[in-house]
Protein chains: 2
Amino acid sequence: MAVVRKLEERILKDGRVYPGNVLKIDTFLNHQVDTQLLGDMAEEFCELFCNCDITKVFTIEASGIAIATPVAQLLRVPLVFAKKAQSINLGDDLYATPVKSYTHKRTYDVIVAKYVLNADDRVLIIDDFLANGCALNGLLGLVEKADATVEGIGIAVEKGFQPGGAELRKRGYNLKSLAIVEELNEDNGMIRFRKQ
Amino acid sequence: MAVVRKLEERILKDGRVYPGNVLKIDTFLNHQVDTQLLGDMAEEFCELFCNCDITKVFTIEASGIAIATPVAQLLRVPLVFAKKAQSINLGDDLYATPVKSYTHKRTYDVIVAKYVLNADDRVLIIDDFLANGCALNGLLGLVEKADATVEGIGIAVEKGFQPGGAELRKRGYNLKSLAIVEELNEDNGMIRFRKQ
């Protein structure tokens with residue numbers, strides 16, 4: 001798990017804490033992406049889930065795509081990214097699940113075409129961030145509608161003090177987060193990680 | 001250029017033509033992604049631009065990220081993806097350029113944080129699709145605002161019968177499109193490529 005230490009050190013060095021428990025890591029993960037660190041994280045996910053006989057890696061646009069792509073390449077399976085859509089005229093050739101966005105204070109649909117997920121699929125969900133788990137629950141809803149199986153969930157950075165991760169583990173999902181942030185302090189910029 | 005033939009064959013096999021010169025390739029490129037083909041395309045872009053001393057690969061969310069990520073990994077440089085935003089309260093720590101979307105019939109801003117692009121950067125722009133060039137011109141505007149240099153533009157699929165590509169070549173950009181679609185026929189589904 002050397003990559004976990006590397007990721008934590010990078011978050012300490014370049015992450016910035018803002019009011020409202022916001023952690024910005026957009027200099028190396030979700031706006032500008034350090035592709036060396038990305039490759040290391042992808043290899044780690046690959047090791048964590050290589051025995052799960054994954055048939056597809058599944059994520060949601062936009063920033064999840066950067067981390068999900070090299071994981072799918074290493075596992076030699078297709079990548080599928082769900083799209084965000086307005087809830088009008090969605091058509092019947094796709095699955096849709098409503099998602100509440102805390103960041104943007106609105107509700108949108110996540111959608112996936114029916115022909116890219118089916119009952120034989122053993123899905124690995126990959127995303128960059130997990131906090132309340134809203135987007136992730138949207139993806140889980142899509143996999144369920146397709147009668148496919150969720151074999152694992154891989155997250156780069158989890159905010160352990162928000163309920164998403166704990167709820168998913170309680171529901172029995174095989175969830176692995178590389179770095180888990182336990183506490184953010186907006187006054188002094190302190191970032192504390194959960195010991196793993 | 002074996003990958004060009006491979007991509008053209010895949011477009012002929014799985015691409016679908018819809019009224020209004022719409023070509024859908026979302027079973028293997030921009031919803032579900034064939035990661036084997038993706039890797040081959042990334043290697044091709046890498047060869048085409050490896051002598052340009054690229055410092056950053058630049059794309060726009062969302063579907064450009066999947067193809068730009070492995071290119072940046074192979075070139076061992078950071079990936080930057082511009083974001084789409086509403087034109088309100090953008091702040092002064094970022095560059096913004098307005099973009100007209102034909103698909104969604106609205107205007108939005110593409111934005112990039114000032115700290116991820118600077119005057120020393122030699123940028124390779126990568127995207128999955130080029131038609132009218134609206135999104136691409138937005139990216140070029142951002143690179144210009146940052147006083148950085150565009151060393152090349154790599155596109156997976158160009159619609160050669162729409163003006164974006166011709167205009168960019170006329171302006172002197174080093175634009176390489178792997179597959180160039182010359183004609184689409186919505187009545188019989190015919191797809192014709194430009195001979196390269």
# chains A, B, ... in the order shown; residues from 1 in each chain; ligands from 1
>>> residues_around(residues="B:Asp147", least_positions_apart="5", cutoff="9 Å", atoms="only C-alpha atoms", output="list of chain:residue names")
B:Leu117, B:Asn118, B:Ala119, B:Asp120, B:Asp121, B:Leu142
>>> write_last_selection(atoms="all heavy atoms", output="PDB file, in the first residue's frame")
ATOM      1  N   LEU B 117      -2.132  26.143 -16.110  1.00  0.00           N
ATOM      2  CA  LEU B 117      -1.585  26.448 -17.449  1.00  0.00           C
ATOM      3  C   LEU B 117      -0.774  27.727 -17.341  1.00  0.00           C
ATOM      4  O   LEU B 117      -1.270  28.728 -16.822  1.00  0.00           O
ATOM      5  CB  LEU B 117      -2.704  26.673 -18.465  1.00  0.00           C
ATOM      6  CG  LEU B 117      -3.353  25.481 -19.153  1.00  0.00           C
ATOM      7  CD1 LEU B 117      -4.316  25.972 -20.226  1.00  0.00           C
ATOM      8  CD2 LEU B 117      -2.338  24.512 -19.757  1.00  0.00           C
ATOM      9  N   ASN B 118       0.463  27.697 -17.836  1.00  0.00           N
ATOM     10  CA  ASN B 118       1.239  28.934 -17.810  1.00  0.00           C
ATOM     11  C   ASN B 118       2.074  29.098 -19.082  1.00  0.00           C
ATOM     12  O   ASN B 118       2.071  28.226 -19.958  1.00  0.00           O
ATOM     13  CB  ASN B 118       2.092  29.003 -16.542  1.00  0.00           C
ATOM     14  CG  ASN B 118       3.066  27.858 -16.477  1.00  0.00           C
ATOM     15  OD1 ASN B 118       3.926  27.721 -17.340  1.00  0.00           O
ATOM     16  ND2 ASN B 118       2.912  27.006 -15.467  1.00  0.00           N
ATOM     17  N   ALA B 119       2.787  30.201 -19.160  1.00  0.00           N
ATOM     18  CA  ALA B 119       3.464  30.591 -20.400  1.00  0.00           C
ATOM     19  C   ALA B 119       4.537  29.601 -20.850  1.00  0.00           C
ATOM     20  O   ALA B 119       4.901  29.570 -22.031  1.00  0.00           O
ATOM     21  CB  ALA B 119       4.062  31.992 -20.234  1.00  0.00           C
ATOM     22  N   ASP B 120       5.036  28.777 -19.942  1.00  0.00           N
ATOM     23  CA  ASP B 120       6.064  27.794 -20.328  1.00  0.00           C
ATOM     24  C   ASP B 120       5.458  26.534 -20.930  1.00  0.00           C
ATOM     25  O   ASP B 120       6.197  25.679 -21.436  1.00  0.00           O
ATOM     26  CB  ASP B 120       6.871  27.373 -19.085  1.00  0.00           C
ATOM     27  CG  ASP B 120       7.617  28.549 -18.482  1.00  0.00           C
ATOM     28  OD1 ASP B 120       7.983  29.463 -19.252  1.00  0.00           O
ATOM     29  OD2 ASP B 120       7.824  28.540 -17.250  1.00  0.00           O
ATOM     30  N   ASP B 121       4.145  26.379 -20.847  1.00  0.00           N
ATOM     31  CA  ASP B 121       3.537  25.109 -21.249  1.00  0.00           C
ATOM     32  C   ASP B 121       3.442  24.949 -22.757  1.00  0.00           C
ATOM     33  O   ASP B 121       3.058  25.865 -23.485  1.00  0.00           O
ATOM     34  CB  ASP B 121       2.147  24.956 -20.608  1.00  0.00           C
ATOM     35  CG  ASP B 121       2.227  24.419 -19.195  1.00  0.00           C
ATOM     36  OD1 ASP B 121       3.064  23.530 -18.956  1.00  0.00           O
ATOM     37  OD2 ASP B 121       1.458  24.881 -18.330  1.00  0.00           O
ATOM     38  N   LEU B 142      -8.446  29.253 -24.183  1.00  0.00           N
ATOM     39  CA  LEU B 142      -7.885  29.143 -22.825  1.00  0.00           C
ATOM     40  C   LEU B 142      -6.355  29.080 -22.859  1.00  0.00           C
ATOM     41  O   LEU B 142      -5.681  29.720 -22.057  1.00  0.00           O
ATOM     42  CB  LEU B 142      -8.441  27.901 -22.122  1.00  0.00           C
ATOM     43  CG  LEU B 142      -9.942  27.908 -21.814  1.00  0.00           C
ATOM     44  CD1 LEU B 142     -10.366  26.578 -21.198  1.00  0.00           C
ATOM     45  CD2 LEU B 142     -10.310  29.064 -20.899  1.00  0.00           C
TER      46      LEU B 142
END
>>> closest_atom_pairs(of="chain A", to="chain B", cutoff="9 Å", atoms="only C-alpha atoms", output="tab-separated table")
residue	atom	partner	partner_atom	distance
A:Thr27	CA	B:Val116	CA	7.1
A:Phe28	CA	B:Pro78	CA	8.2
A:Asn30	CA	B:Phe81	CA	8.2
A:His31	CA	B:Phe81	CA	5.6
A:Gln32	CA	B:Val80	CA	4.3
A:Val33	CA	B:Leu79	CA	5.0
A:Asp34	CA	B:Pro78	CA	5.0
A:Thr35	CA	B:Gln73	CA	5.3
A:Gln36	CA	B:Gln73	CA	7.0
A:Leu38	CA	B:Gln73	CA	8.5
A:Gly39	CA	B:Gln73	CA	7.5
A:Glu61	CA	B:Ala62	CA	5.8
A:Ala62	CA	B:Ala62	CA	4.9
A:Ser63	CA	B:Ala62	CA	7.8
A:Ile65	CA	B:Ala66	CA	6.0
A:Ala66	CA	B:Thr69	CA	6.0
A:Ile67	CA	B:Thr69	CA	8.5
A:Ala68	CA	B:Ala66	CA	8.6
A:Thr69	CA	B:Ala66	CA	6.0
A:Pro70	CA	B:Pro70	CA	7.1
A:Ala72	CA	B:Thr35	CA	6.7
A:Gln73	CA	B:Thr35	CA	5.3
A:Leu74	CA	B:Thr35	CA	9.0
A:Arg76	CA	B:Thr35	CA	6.8
A:Val77	CA	B:Thr35	CA	6.7
A:Pro78	CA	B:Asp34	CA	5.0
A:Leu79	CA	B:Val33	CA	5.0
A:Val80	CA	B:Gln32	CA	4.2
A:Phe81	CA	B:His31	CA	5.5
A:Ala82	CA	B:His31	CA	7.1
A:Lys83	CA	B:His31	CA	7.9
A:Val112	CA	B:His31	CA	8.0
A:Ala113	CA	B:His31	CA	8.2
A:Tyr115	CA	B:Thr27	CA	8.2
A:Val116	CA	B:Gln32	CA	6.5
>>> write_last_selection(atoms="N, CA and C atoms", output="mmCIF file, in the first residue's frame")
data_model
loop_
_atom_site.group_PDB
_atom_site.id
_atom_site.type_symbol
_atom_site.label_atom_id
_atom_site.label_comp_id
_atom_site.auth_asym_id
_atom_site.auth_seq_id
_atom_site.Cartn_x
_atom_site.Cartn_y
_atom_site.Cartn_z
ATOM 1 N N THR A 27 -5.240 20.147 -8.077
ATOM 2 C CA THR A 27 -3.933 20.323 -8.726
ATOM 3 C C THR A 27 -3.332 18.989 -9.140
ATOM 4 N N PHE A 28 -3.882 17.881 -8.631
ATOM 5 C CA PHE A 28 -3.274 16.579 -8.996
ATOM 6 C C PHE A 28 -4.284 15.460 -9.214
ATOM 7 N N ASN A 30 -8.400 16.041 -9.786
ATOM 8 C CA ASN A 30 -9.632 16.190 -10.571
ATOM 9 C C ASN A 30 -9.803 17.511 -11.324
ATOM 10 N N HIS A 31 -8.682 18.047 -11.798
ATOM 11 C CA HIS A 31 -8.740 19.135 -12.782
ATOM 12 C C HIS A 31 -7.429 19.042 -13.558
ATOM 13 N N GLN A 32 -6.318 19.214 -12.825
ATOM 14 C CA GLN A 32 -5.034 18.728 -13.319
ATOM 15 C C GLN A 32 -4.814 17.369 -12.674
ATOM 16 N N VAL A 33 -4.305 16.417 -13.464
ATOM 17 C CA VAL A 33 -4.119 15.065 -12.961
ATOM 18 C C VAL A 33 -2.651 14.670 -13.076
ATOM 19 N N ASP A 34 -2.049 14.275 -11.959
ATOM 20 C CA ASP A 34 -0.693 13.735 -11.960
ATOM 21 C C ASP A 34 -0.776 12.311 -12.495
ATOM 22 N N THR A 35 -0.330 12.104 -13.720
ATOM 23 C CA THR A 35 -0.548 10.802 -14.363
ATOM 24 C C THR A 35 0.349 9.705 -13.783
ATOM 25 N N GLN A 36 1.459 10.112 -13.139
ATOM 26 C CA GLN A 36 2.314 9.113 -12.486
ATOM 27 C C GLN A 36 1.577 8.536 -11.263
ATOM 28 N N LEU A 38 -1.605 8.714 -10.787
ATOM 29 C CA LEU A 38 -2.790 8.039 -11.331
ATOM 30 C C LEU A 38 -2.476 6.595 -11.695
ATOM 31 N N GLY A 39 -1.345 6.396 -12.368
ATOM 32 C CA GLY A 39 -0.934 5.047 -12.758
ATOM 33 C C GLY A 39 -0.716 4.154 -11.535
ATOM 34 N N GLU A 61 -19.329 10.496 -15.282
ATOM 35 C CA GLU A 61 -18.626 11.681 -15.750
ATOM 36 C C GLU A 61 -18.681 12.734 -14.668
ATOM 37 N N ALA A 62 -17.725 13.679 -14.567
ATOM 38 C CA ALA A 62 -16.598 13.764 -15.442
ATOM 39 C C ALA A 62 -15.319 13.247 -14.774
ATOM 40 N N SER A 63 -15.031 13.681 -13.524
ATOM 41 C CA SER A 63 -13.683 13.430 -13.017
ATOM 42 C C SER A 63 -13.407 11.973 -12.710
ATOM 43 N N ILE A 65 -13.738 9.623 -14.711
ATOM 44 C CA ILE A 65 -13.234 8.984 -15.937
ATOM 45 C C ILE A 65 -11.713 8.862 -15.918
ATOM 46 N N ALA A 66 -11.022 9.898 -15.399
ATOM 47 C CA ALA A 66 -9.557 9.890 -15.435
ATOM 48 C C ALA A 66 -8.990 8.722 -14.631
ATOM 49 N N ILE A 67 -9.565 8.423 -13.483
ATOM 50 C CA ILE A 67 -9.034 7.332 -12.672
ATOM 51 C C ILE A 67 -9.581 5.981 -13.128
ATOM 52 N N ALA A 68 -10.796 5.953 -13.643
ATOM 53 C CA ALA A 68 -11.384 4.677 -14.081
ATOM 54 C C ALA A 68 -10.737 4.148 -15.364
ATOM 55 N N THR A 69 -10.285 5.057 -16.234
ATOM 56 C CA THR A 69 -9.725 4.625 -17.526
ATOM 57 C C THR A 69 -8.514 3.701 -17.365
ATOM 58 N N PRO A 70 -7.464 4.102 -16.618
ATOM 59 C CA PRO A 70 -6.313 3.191 -16.524
ATOM 60 C C PRO A 70 -6.628 1.907 -15.760
ATOM 61 N N ALA A 72 -9.499 0.230 -16.014
ATOM 62 C CA ALA A 72 -10.112 -0.634 -17.036
ATOM 63 C C ALA A 72 -9.060 -1.146 -18.020
ATOM 64 N N GLN A 73 -8.094 -0.283 -18.358
ATOM 65 C CA GLN A 73 -7.024 -0.729 -19.269
ATOM 66 C C GLN A 73 -6.221 -1.868 -18.650
ATOM 67 N N LEU A 74 -5.860 -1.711 -17.375
ATOM 68 C CA LEU A 74 -5.051 -2.737 -16.706
ATOM 69 C C LEU A 74 -5.834 -4.040 -16.542
ATOM 70 N N ARG A 76 -8.073 -4.980 -18.561
ATOM 71 C CA ARG A 76 -8.410 -5.403 -19.929
ATOM 72 C C ARG A 76 -9.903 -5.635 -20.116
ATOM 73 N N VAL A 77 -10.689 -4.706 -19.581
ATOM 74 C CA VAL A 77 -12.146 -4.771 -19.752
ATOM 75 C C VAL A 77 -12.637 -3.407 -20.246
ATOM 76 N N PRO A 78 -13.851 -3.344 -20.797
ATOM 77 C CA PRO A 78 -14.377 -2.043 -21.224
ATOM 78 C C PRO A 78 -14.633 -1.121 -20.039
ATOM 79 N N LEU A 79 -14.526 0.169 -20.320
ATOM 80 C CA LEU A 79 -14.908 1.209 -19.368
ATOM 81 C C LEU A 79 -16.296 1.706 -19.773
ATOM 82 N N VAL A 80 -17.162 1.908 -18.795
ATOM 83 C CA VAL A 80 -18.457 2.548 -19.072
ATOM 84 C C VAL A 80 -18.586 3.757 -18.158
ATOM 85 N N PHE A 81 -18.884 4.919 -18.729
ATOM 86 C CA PHE A 81 -19.160 6.041 -17.826
ATOM 87 C C PHE A 81 -20.599 6.495 -17.980
ATOM 88 N N ALA A 82 -21.296 6.539 -16.829
ATOM 89 C CA ALA A 82 -22.664 7.032 -16.795
ATOM 90 C C ALA A 82 -22.648 8.531 -17.072
ATOM 91 N N LYS A 83 -23.719 9.030 -17.634
ATOM 92 C CA LYS A 83 -23.808 10.451 -17.942
ATOM 93 C C LYS A 83 -24.817 11.131 -17.022
ATOM 94 N N VAL A 112 -27.489 5.429 -18.167
ATOM 95 C CA VAL A 112 -26.595 4.528 -18.885
ATOM 96 C C VAL A 112 -27.433 3.804 -19.933
ATOM 97 N N ALA A 113 -26.877 3.628 -21.105
ATOM 98 C CA ALA A 113 -27.591 2.928 -22.168
ATOM 99 C C ALA A 113 -27.774 1.462 -21.774
ATOM 100 N N TYR A 115 -27.778 -1.161 -23.500
ATOM 101 C CA TYR A 115 -26.939 -2.148 -24.190
ATOM 102 C C TYR A 115 -25.520 -2.239 -23.642
ATOM 103 N N VAL A 116 -25.121 -1.355 -22.697
ATOM 104 C CA VAL A 116 -23.752 -1.458 -22.185
ATOM 105 C C VAL A 116 -23.651 -2.142 -20.821
#
>>> select_by_dssp(residues="chain B", states="strand (DSSP E)", output="CSV table (one decimal) with N, CA and C atoms, in the first residue's frame")
chain,number,residue,atom,x,y,z
B,16,ARG,N,-23.5,4.3,-35.6
B,16,ARG,CA,-24.9,4.4,-36.1
B,16,ARG,C,-25.1,5.8,-36.6
B,17,VAL,N,-25.7,5.9,-37.8
B,17,VAL,CA,-26.0,7.2,-38.4
B,17,VAL,C,-27.4,7.6,-38.1
B,18,TYR,N,-27.6,8.8,-37.6
B,18,TYR,CA,-28.9,9.4,-37.3
B,18,TYR,C,-29.2,10.6,-38.1
B,22,VAL,N,-25.7,13.0,-37.6
B,22,VAL,CA,-25.2,12.5,-36.3
B,22,VAL,C,-24.6,11.1,-36.4
B,23,LEU,N,-23.4,11.0,-35.9
B,23,LEU,CA,-22.7,9.7,-35.9
B,23,LEU,C,-22.6,9.2,-34.4
B,24,LYS,N,-23.2,8.1,-34.0
B,24,LYS,CA,-23.1,7.7,-32.6
B,24,LYS,C,-22.0,6.6,-32.6
B,32,GLN,N,-19.5,3.7,-23.6
B,32,GLN,CA,-18.7,2.5,-23.3
B,32,GLN,C,-17.4,2.7,-24.1
B,33,VAL,N,-16.3,2.4,-23.5
B,33,VAL,CA,-15.0,2.6,-24.2
B,33,VAL,C,-14.3,1.3,-24.3
B,56,LYS,N,2.0,19.4,-21.2
B,56,LYS,CA,0.7,19.0,-20.7
B,56,LYS,C,-0.2,18.6,-21.8
B,57,VAL,N,-1.1,17.6,-21.5
B,57,VAL,CA,-2.2,17.2,-22.4
B,57,VAL,C,-3.4,17.9,-21.8
B,58,PHE,N,-4.2,18.4,-22.7
B,58,PHE,CA,-5.3,19.3,-22.4
B,58,PHE,C,-6.5,18.8,-23.1
B,59,THR,N,-7.6,18.6,-22.4
B,59,THR,CA,-8.9,18.2,-23.0
B,59,THR,C,-10.0,18.9,-22.3
B,60,ILE,N,-11.3,18.5,-22.6
B,60,ILE,CA,-12.4,19.1,-22.0
B,60,ILE,C,-13.3,17.9,-21.5
B,79,LEU,N,-2.2,15.6,-17.1
B,79,LEU,CA,-3.4,15.8,-17.8
B,79,LEU,C,-4.2,17.0,-17.2
B,80,VAL,N,-4.7,17.9,-18.0
B,80,VAL,CA,-5.6,18.9,-17.5
B,80,VAL,C,-6.9,18.8,-18.3
B,81,PHE,N,-8.0,18.8,-17.6
B,81,PHE,CA,-9.3,18.8,-18.3
B,81,PHE,C,-10.0,20.1,-17.9
B,82,ALA,N,-10.4,20.9,-19.0
B,82,ALA,CA,-11.2,22.1,-18.8
B,82,ALA,C,-12.6,21.6,-18.3
B,83,LYS,N,-13.2,22.5,-17.6
B,83,LYS,CA,-14.6,22.2,-17.1
B,83,LYS,C,-15.6,23.1,-17.8
B,84,LYS,N,-16.8,22.6,-17.9
B,84,LYS,CA,-17.9,23.4,-18.4
B,84,LYS,C,-18.6,24.0,-17.3
B,85,ALA,N,-19.0,25.3,-17.4
B,85,ALA,CA,-19.6,26.0,-16.3
B,85,ALA,C,-20.6,27.0,-16.7
B,94,LEU,N,-9.3,31.9,-12.5
B,94,LEU,CA,-9.4,31.0,-13.7
B,94,LEU,C,-9.6,31.8,-15.0
B,95,TYR,N,-9.3,31.1,-16.1
B,95,TYR,CA,-9.6,31.6,-17.4
B,95,TYR,C,-10.9,31.0,-17.9
B,96,ALA,N,-11.6,31.8,-18.6
B,96,ALA,CA,-12.9,31.3,-19.1
B,96,ALA,C,-13.1,31.8,-20.6
B,97,THR,N,-13.7,30.9,-21.4
B,97,THR,CA,-14.0,31.2,-22.8
B,97,THR,C,-15.4,30.7,-23.1
B,98,PRO,N,-16.3,31.5,-23.7
B,98,PRO,CA,-17.6,31.1,-24.0
B,98,PRO,C,-17.6,30.1,-25.2
B,99,VAL,N,-18.4,29.1,-25.2
B,99,VAL,CA,-18.5,28.1,-26.2
B,99,VAL,C,-20.0,27.9,-26.5
B,100,LYS,N,-20.3,27.8,-27.9
B,100,LYS,CA,-21.7,27.6,-28.3
B,100,LYS,C,-21.8,26.1,-28.5
B,101,SER,N,-22.8,25.4,-27.9
B,101,SER,CA,-23.0,24.0,-28.2
B,101,SER,C,-24.2,23.8,-29.1
B,106,ARG,N,-27.1,25.7,-26.6
B,106,ARG,CA,-26.9,26.8,-25.5
B,106,ARG,C,-25.5,27.2,-25.5
B,107,THR,N,-25.2,28.3,-24.8
B,107,THR,CA,-23.8,28.7,-24.7
B,107,THR,C,-23.4,28.5,-23.2
B,108,TYR,N,-22.2,28.0,-23.1
B,108,TYR,CA,-21.6,27.7,-21.8
B,108,TYR,C,-20.2,28.3,-21.8
B,109,ASP,N,-19.5,28.3,-20.6
B,109,ASP,CA,-18.1,28.7,-20.5
B,109,ASP,C,-17.3,27.4,-20.3
B,110,VAL,N,-16.1,27.4,-21.0
B,110,VAL,CA,-15.1,26.4,-20.6
B,110,VAL,C,-14.1,27.2,-19.7
B,111,ILE,N,-13.8,26.5,-18.6
B,111,ILE,CA,-12.9,27.2,-17.6
B,111,ILE,C,-11.7,26.3,-17.3
B,112,VAL,N,-10.6,27.0,-16.9
B,112,VAL,CA,-9.4,26.3,-16.4
B,112,VAL,C,-8.8,27.2,-15.4
B,113,ALA,N,-8.3,26.5,-14.3
B,113,ALA,CA,-7.7,27.3,-13.2
B,113,ALA,C,-6.4,27.9,-13.7
B,122,ARG,N,3.8,23.7,-23.2
B,122,ARG,CA,3.7,23.3,-24.6
B,122,ARG,C,2.6,22.3,-24.6
B,123,VAL,N,1.5,22.6,-25.1
B,123,VAL,CA,0.2,21.9,-24.9
B,123,VAL,C,-0.2,21.0,-26.1
B,124,LEU,N,-0.5,19.8,-25.8
B,124,LEU,CA,-1.2,18.9,-26.8
B,124,LEU,C,-2.6,18.8,-26.4
B,125,ILE,N,-3.5,19.2,-27.3
B,125,ILE,CA,-4.9,19.1,-27.1
B,125,ILE,C,-5.4,17.8,-27.7
B,126,ILE,N,-6.2,17.0,-26.9
B,126,ILE,CA,-6.7,15.7,-27.3
B,126,ILE,C,-8.2,15.8,-27.1
B,127,ASP,N,-9.0,15.3,-28.1
B,127,ASP,CA,-10.4,15.2,-27.9
B,127,ASP,C,-10.9,14.0,-28.7
B,128,ASP,N,-12.1,13.5,-28.4
B,128,ASP,CA,-12.7,12.4,-29.1
B,128,ASP,C,-13.3,12.7,-30.4
B,129,PHE,N,-13.9,13.9,-30.5
B,129,PHE,CA,-14.7,14.3,-31.7
B,129,PHE,C,-14.4,15.7,-32.1
B,130,LEU,N,-14.3,15.9,-33.4
B,130,LEU,CA,-14.2,17.3,-34.0
B,130,LEU,C,-15.2,17.5,-35.1
B,149,THR,N,1.6,27.6,-25.4
B,149,THR,CA,1.7,27.3,-26.8
B,149,THR,C,1.0,26.0,-27.2
B,150,VAL,N,0.2,26.0,-28.2
B,150,VAL,CA,-0.4,24.8,-28.7
B,150,VAL,C,0.6,24.1,-29.7
B,151,GLU,N,1.1,22.9,-29.3
B,151,GLU,CA,2.1,22.2,-30.1
B,151,GLU,C,1.3,21.2,-31.1
B,152,GLY,N,0.1,20.8,-30.7
B,152,GLY,CA,-0.5,19.9,-31.6
B,152,GLY,C,-2.0,19.6,-31.1
B,153,ILE,N,-2.8,19.1,-32.0
B,153,ILE,CA,-4.2,18.8,-31.7
B,153,ILE,C,-4.4,17.3,-32.2
B,154,GLY,N,-4.8,16.4,-31.3
B,154,GLY,CA,-5.1,15.1,-31.7
B,154,GLY,C,-6.5,14.7,-31.5
B,155,ILE,N,-7.2,14.3,-32.6
B,155,ILE,CA,-8.6,14.0,-32.5
B,155,ILE,C,-8.8,12.5,-33.0
B,156,ALA,N,-9.7,11.8,-32.2
B,156,ALA,CA,-10.0,10.5,-32.6
B,156,ALA,C,-10.8,10.4,-33.9
B,157,VAL,N,-12.0,11.1,-33.9
B,157,VAL,CA,-12.9,11.1,-35.1
B,157,VAL,C,-13.2,12.5,-35.5
B,158,GLU,N,-12.9,12.9,-36.7
B,158,GLU,CA,-13.2,14.2,-37.3
B,158,GLU,C,-14.3,14.0,-38.3
B,159,LYS,N,-15.3,14.9,-38.2
B,159,LYS,CA,-16.3,15.0,-39.3
B,159,LYS,C,-15.8,15.9,-40.3
B,175,LEU,N,-2.8,19.7,-36.6
B,175,LEU,CA,-4.0,18.9,-36.3
B,175,LEU,C,-3.9,17.5,-36.9
B,176,LYS,N,-4.0,16.5,-36.1
B,176,LYS,CA,-4.0,15.1,-36.7
B,176,LYS,C,-5.3,14.4,-36.2
B,177,SER,N,-6.1,14.0,-37.1
B,177,SER,CA,-7.3,13.2,-36.8
B,177,SER,C,-7.1,11.8,-37.3
B,178,LEU,N,-7.4,10.8,-36.4
B,178,LEU,CA,-7.1,9.4,-36.8
B,178,LEU,C,-8.1,9.0,-37.9
B,179,ALA,N,-9.4,9.2,-37.7
B,179,ALA,CA,-10.3,8.8,-38.7
B,179,ALA,C,-11.1,10.1,-39.1
B,180,ILE,N,-11.2,10.4,-40.4
B,180,ILE,CA,-11.9,11.5,-40.9
B,180,ILE,C,-13.1,11.0,-41.7
B,181,VAL,N,-14.3,11.3,-41.2
B,181,VAL,CA,-15.6,10.9,-41.8
B,181,VAL,C,-15.9,11.9,-42.9
B,182,GLU,N,-16.0,11.5,-44.2
B,182,GLU,CA,-16.2,12.4,-45.3
B,182,GLU,C,-17.7,12.6,-45.6
B,183,GLU,N,-18.4,11.5,-45.3
B,183,GLU,CA,-19.9,11.6,-45.7
B,183,GLU,C,-20.7,10.6,-44.8
B,184,LEU,N,-21.8,11.0,-44.4
B,184,LEU,CA,-22.8,10.1,-43.7
B,184,LEU,C,-24.1,10.1,-44.5
B,191,ILE,N,-21.3,5.1,-44.3
B,191,ILE,CA,-20.2,6.0,-43.7
B,191,ILE,C,-19.0,6.0,-44.6
B,192,ARG,N,-18.6,7.1,-45.1
B,192,ARG,CA,-17.4,7.1,-46.0
B,192,ARG,C,-16.3,7.9,-45.4
B,193,PHE,N,-15.1,7.4,-45.4
B,193,PHE,CA,-13.9,8.0,-44.8
B,193,PHE,C,-13.1,8.8,-45.9
>>> atom_distance(atom1="atom CA of A:Ala135", atom2="atom CA of A:Asp53")
24.2 Å
>>> select_by_dssp(residues="stretch 57-166 of chain A", states="alpha helix (DSSP H)", output="NGL selection string")
:A and (64-75 or 134-145 or 164-166)
>>> atom_distance(atom1="atom CA of A:Cys134", atom2="atom CA of A:Asn21")
16.5 Å
